[in-house]
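Undergrad: Pasting a structure here, questions to come.
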Amino acid sequence: MLAQQGIIPRDDADAIIVGLSAVQDEIERGDFPWDPALEDLHMNIERRLTDLIGPAGARLHTGRSRNDQIALDMRLYTRAAIDDTIAGLRSVQRALVDLAGQYQEVLMPGYTHLQRAQPVLFAHHMLAYFEMLQRDVGRFTDCAVRMDVLPLGSGALAGVPYPTDRIAVALALEFAEISPNSMDAVADRDFLAEFHAAAAIAMMHISRLSEEIVIWSSREFDFVRLPDEFTTGSSIMPQKRNPDFAEIARGKTGRVYGSLMGILTVLKGLPLTYNRDLQEDKEGFFDTVDTLLSTLSVFADMLPGMKLNTHRVESLASESYMLATDLADYLVGKGVPFRDAHGVMRRLCQHCEADGMSLSDLPIAEYQRFAPQFDDDVYAITAAASVAARDNPGGTAPNRVAEGLARAKSILTSTETQ
Ligand SMILES: N/C(=N\CCC[C@H](N)C(=O)O)N[C@@H](CC(=O)O)C(=O)O
């Protein structure tokens, strides 16, 4: 652009391009002579370029400052990190969809307050995580759209006194727009804060899934068995299969939260425009990108090997107290107001619990002592019937879950073709 606009001679521009390519090769080969005395990578590259190509290298910095350079570099890095993150989220979503399809009709207990609440389909549970990660994809996409702005040409803070063609540079670097204010352009790190926030929420979702995997793989729950390669033994207790990968993901969520707080704290006290504090944006950001990508990669590999103990989850889903709400709804169907039906079922549950009985063992005459509306059809209320009754959009009825699965698959298919 500088040569095109007549700002520097064409020959010098050509020499700079060849020289920068040689510098890139040296960096990639690992034999670039980094010199800490030169402060940062910008000055290292410029010095090396001048060593390689001579005086033309001194024209490299025409019309720019390290301030708009670093604002650009961080955007380029973040753009690539967003692409990788969305690909990682898609891989985990695919694993969740496969699990949902594999165990599509399997019933399990659904929980609130970690107390057994109502039967649900295991596929419904897996698709809940699909939806969380779908929102994560949306957040990273939003971040990519908002940061799609070229800061180059802002100079140190005030713009540059050369006839630059910023639009041509934006097109060459594939940015949708050029920044409208040079002072904002060099001071802005909102896109990093947004990435950190989206990463913190995505890690929170993975951490919640990790927590479930840790609980589900315990002997007490015994809902799932993790693949051997995603468990570790104990150095002392030979029988153990520790769910370390899920635990480590849960633990690593903390450092991602820490880096979000770090960047917000760096930014909060800065006057316009560039301040060297901004250099502190790097360490936490690189760590967050590495942590998020590696965690997503581990989950995409671990989930496909997770085996559901279908016998165990289905037998717990069929435990009769889980149907107490359905029995109250049954009375509502016979004309009893819901609050009264709820009271009947509360007393019935207390009665059965005191006698060590299940609701399904209770004779009809006993049911009728609590509410005369009970009839023999009450025994038709099973876990499968309970699930099938939740036949409204977003519910756990098999046909609704099939809709959710189809929706998830079509989202994944449409993104594969993009
Ligand atoms: N020190 C400095 N910019 C550093 C930018 C890059 C820094 N390594 C970072 O990572 O933020 N100053 C400006 C000029 C200035 O604002 O004084 C420059 O040299 O272009």
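Convention: chains lettered A, B, ... in structure tokens order; per-chain residue numbering from 1; ligands numbered from 1 as shown.
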List all protein, DNA and RNA residues that have at least one atom no more than 7 Å from any atom of ligand 1, counting only C-alpha atoms and all ligand atoms, and write them as a list in words.
TA: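 Residues satisfying the distance criterion: Asp40, Leu41, Ser65, Arg66, Asn67, Ile70, Ala156, Tyr274, Arg276, Leu278 and Gln279 of chain A.
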Undergrad: If we count only C-alpha atoms and set the cut-off at 9 Å, which residues sit around stretch 370-378 of chain A, ignoring sequence neighbours fewer than 2 positions away in its own chain? Please answer as a VMD selection string.
TA: chain A and resid 327 330 to 331 334 to 336 341 344 to 345 347 to 348 360 364 to 368 380 to 381
Undergrad: Let me see the file: selected residues, N, CA and C atoms, as a CSV table (one decimal), in the first residue's frame.
TA:
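Dumped to again.csv:
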```csv
chain,number,residue,atom,x,y,z
A,327,LEU,N,-48.9,-38.0,39.2
A,327,LEU,CA,-50.2,-38.4,39.9
A,327,LEU,C,-51.0,-37.2,40.3
A,330,TYR,N,-52.6,-36.2,37.3
A,330,TYR,CA,-53.7,-37.2,37.0
A,330,TYR,C,-55.0,-36.7,37.7
A,331,LEU,N,-54.8,-36.3,39.0
A,331,LEU,CA,-56.0,-35.8,39.7
A,331,LEU,C,-56.5,-34.5,39.1
A,334,LYS,N,-58.8,-35.2,36.6
A,334,LYS,CA,-60.1,-35.7,37.1
A,334,LYS,C,-60.9,-34.5,37.8
A,335,GLY,N,-60.4,-33.3,37.6
A,335,GLY,CA,-61.1,-32.1,38.1
A,335,GLY,C,-60.7,-31.6,39.4
A,336,VAL,N,-59.6,-32.1,40.0
A,336,VAL,CA,-59.1,-31.6,41.3
A,336,VAL,C,-58.2,-30.4,41.0
A,341,ALA,N,-54.5,-31.2,44.6
A,341,ALA,CA,-53.9,-32.5,44.2
A,341,ALA,C,-52.5,-32.6,44.7
A,344,VAL,N,-52.8,-33.8,48.3
A,344,VAL,CA,-53.1,-35.2,48.3
A,344,VAL,C,-51.8,-36.0,48.2
A,345,MET,N,-51.0,-35.7,47.1
A,345,MET,CA,-49.9,-36.5,46.8
A,345,MET,C,-48.8,-36.3,47.9
A,347,ARG,N,-49.4,-36.0,51.1
A,347,ARG,CA,-49.8,-36.9,52.2
A,347,ARG,C,-49.6,-38.3,51.8
A,348,LEU,N,-49.9,-38.6,50.5
A,348,LEU,CA,-49.7,-40.0,50.1
A,348,LEU,C,-48.3,-40.5,50.1
A,360,SER,N,-46.4,-47.5,43.6
A,360,SER,CA,-47.0,-48.4,42.7
A,360,SER,C,-47.5,-49.7,43.4
A,364,ILE,N,-55.6,-49.8,45.3
A,364,ILE,CA,-56.5,-48.7,44.9
A,364,ILE,C,-57.4,-48.2,46.0
A,365,ALA,N,-57.8,-49.1,46.9
A,365,ALA,CA,-58.6,-48.7,48.0
A,365,ALA,C,-57.8,-47.7,48.9
A,366,GLU,N,-56.5,-47.9,49.0
A,366,GLU,CA,-55.7,-47.0,49.8
A,366,GLU,C,-55.6,-45.6,49.1
A,367,TYR,N,-55.4,-45.7,47.8
A,367,TYR,CA,-55.4,-44.4,47.0
A,367,TYR,C,-56.7,-43.6,47.3
A,368,GLN,N,-57.8,-44.4,47.2
A,368,GLN,CA,-59.1,-43.7,47.3
A,368,GLN,C,-59.4,-43.1,48.7
A,380,ALA,N,-51.4,-47.0,35.3
A,380,ALA,CA,-50.9,-46.8,33.9
A,380,ALA,C,-49.8,-45.7,33.9
A,381,ILE,N,-49.7,-45.0,35.0
A,381,ILE,CA,-48.7,-43.9,35.0
A,381,ILE,C,-47.3,-44.5,35.4
```
Undergrad: Rank A:Pro393, A:Pro33, A:Gly6, A:Gly19 by their smallest atom-to-atom distance to A:Pro163, using only C-alpha atoms, and report the top residue only.
TA: A:Gly6
Undergrad: Find, counting only C-alpha atoms, the residue in A:Met1, A:Leu52, A:Leu272, A:Ile206 that gets nearest to A:Gln93.
TA: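 Nearest candidate to A:Gln93 out of A:Met1, A:Leu52, A:Leu272, A:Ile206: A:Ile206.
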Undergrad: Find the residues near stretch 293-310 of chain A: any atom within 6 Å, counting only C-alpha atoms, skip ones fewer than 4 places away on the same chain, and give them as a VMD selection string.
TA: chain A and resid 88 91 to 92 95 223 to 227 314
Undergrad: Check the smallest atom-to-atom distance from each of A:Leu152, A:Met183, A:Glu212, A:Gln350 to A:Ala168 using only C-alpha atoms, then report the winner.
TA: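 Among A:Leu152, A:Met183, A:Glu212, A:Gln350, it is A:Leu152 that comes nearest to A:Ala168.
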Undergrad: Quick one: of A:Ala81, A:Leu76, A:Ile215, A:Val145, who's nearest to A:Thr291, counting only C-alpha atoms?
TA: A:Ala81
Undergrad: Among stretch 222-281 of chain A, which ones does DSSP place in alpha helix (DSSP H), written as a VMD selection string?
TA: chain A and resid 244 to 268 281
Undergrad: Quick one: residues within 10 Å of A:Ala185, only C-alpha atoms, excluding same-chain residues fewer than 3 positions away - as a list of chain:residue names?
TA: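 Counting only the stated atoms, we get A:Asn67, A:Asp68, A:Ala71, A:Leu72, A:Val149, A:Leu150, A:Pro151, A:Leu152, A:Gly153, A:Ser154, A:Gly155, A:Ala156, A:Leu157, A:Ala158, A:Gly159, A:Ile178, A:Ser179, A:Pro180, A:Asn181, A:Ser182, A:Asp188, A:Arg189, A:Thr273, A:Tyr274.
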Undergrad: Provide the atom CA of A:Ala246 to atom CA of A:Ser210 distance in Å, to one decimal place.
TA: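 Those two atoms sit 4.6 Å apart.
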Undergrad: So that I can see what lies close to stretch 96-106 of chain A, please list as a ChimeraX atom specification the residues with an atom at most 7 Å from it, counting only C-alpha atoms and leaving out residues fewer than 5 positions away in the same chain.
TA: /A:121-123,126-127,130,304,310,314,398,405
Undergrad: Now that the selection is made, can you save its residues with N, CA, C and O atoms as a PDB file, in the first residue's frame?
TA:
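The file below, out06.pdb, is the result:
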```
ATOM      1  N   LEU A 121     -35.464 -38.075  29.408  1.00  0.00           N
ATOM      2  CA  LEU A 121     -34.643 -38.898  28.518  1.00  0.00           C
ATOM      3  C   LEU A 121     -33.183 -38.445  28.642  1.00  0.00           C
ATOM      4  O   LEU A 121     -32.907 -37.243  28.716  1.00  0.00           O
ATOM      5  N   PHE A 122     -32.269 -39.431  28.644  1.00  0.00           N
ATOM      6  CA  PHE A 122     -30.841 -39.109  28.683  1.00  0.00           C
ATOM      7  C   PHE A 122     -30.477 -38.179  27.507  1.00  0.00           C
ATOM      8  O   PHE A 122     -29.677 -37.240  27.657  1.00  0.00           O
ATOM      9  N   ALA A 123     -31.115 -38.421  26.372  1.00  0.00           N
ATOM     10  CA  ALA A 123     -30.828 -37.583  25.196  1.00  0.00           C
ATOM     11  C   ALA A 123     -31.195 -36.120  25.472  1.00  0.00           C
ATOM     12  O   ALA A 123     -30.511 -35.196  25.014  1.00  0.00           O
ATOM     13  N   MET A 126     -28.354 -34.595  27.388  1.00  0.00           N
ATOM     14  CA  MET A 126     -27.189 -34.300  26.529  1.00  0.00           C
ATOM     15  C   MET A 126     -27.457 -33.063  25.652  1.00  0.00           C
ATOM     16  O   MET A 126     -26.592 -32.220  25.455  1.00  0.00           O
ATOM     17  N   LEU A 127     -28.685 -32.969  25.155  1.00  0.00           N
ATOM     18  CA  LEU A 127     -29.006 -31.849  24.265  1.00  0.00           C
ATOM     19  C   LEU A 127     -29.072 -30.529  25.021  1.00  0.00           C
ATOM     20  O   LEU A 127     -28.913 -29.454  24.421  1.00  0.00           O
ATOM     21  N   PHE A 130     -25.783 -29.306  24.503  1.00  0.00           N
ATOM     22  CA  PHE A 130     -25.650 -28.827  23.113  1.00  0.00           C
ATOM     23  C   PHE A 130     -26.109 -27.372  23.035  1.00  0.00           C
ATOM     24  O   PHE A 130     -25.453 -26.531  22.413  1.00  0.00           O
ATOM     25  N   PRO A 304     -17.161 -39.522  23.341  1.00  0.00           N
ATOM     26  CA  PRO A 304     -17.610 -40.664  22.534  1.00  0.00           C
ATOM     27  C   PRO A 304     -17.364 -42.020  23.215  1.00  0.00           C
ATOM     28  O   PRO A 304     -18.071 -42.984  22.933  1.00  0.00           O
ATOM     29  N   THR A 310     -27.307 -48.134  31.234  1.00  0.00           N
ATOM     30  CA  THR A 310     -28.728 -47.924  30.926  1.00  0.00           C
ATOM     31  C   THR A 310     -29.624 -48.626  31.946  1.00  0.00           C
ATOM     32  O   THR A 310     -30.677 -48.103  32.307  1.00  0.00           O
ATOM     33  N   GLU A 314     -32.259 -46.378  34.069  1.00  0.00           N
ATOM     34  CA  GLU A 314     -33.687 -46.647  33.802  1.00  0.00           C
ATOM     35  C   GLU A 314     -34.373 -47.153  35.061  1.00  0.00           C
ATOM     36  O   GLU A 314     -35.531 -46.814  35.325  1.00  0.00           O
ATOM     37  N   PRO A 398     -40.443 -38.316  23.832  1.00  0.00           N
ATOM     38  CA  PRO A 398     -39.532 -38.830  22.794  1.00  0.00           C
ATOM     39  C   PRO A 398     -39.628 -38.075  21.466  1.00  0.00           C
ATOM     40  O   PRO A 398     -38.598 -37.805  20.844  1.00  0.00           O
ATOM     41  N   LEU A 405     -33.064 -33.266  18.615  1.00  0.00           N
ATOM     42  CA  LEU A 405     -31.905 -33.933  18.011  1.00  0.00           C
ATOM     43  C   LEU A 405     -31.789 -33.546  16.534  1.00  0.00           C
ATOM     44  O   LEU A 405     -30.692 -33.262  16.036  1.00  0.00           O
TER      45      LEU A 405
END
```
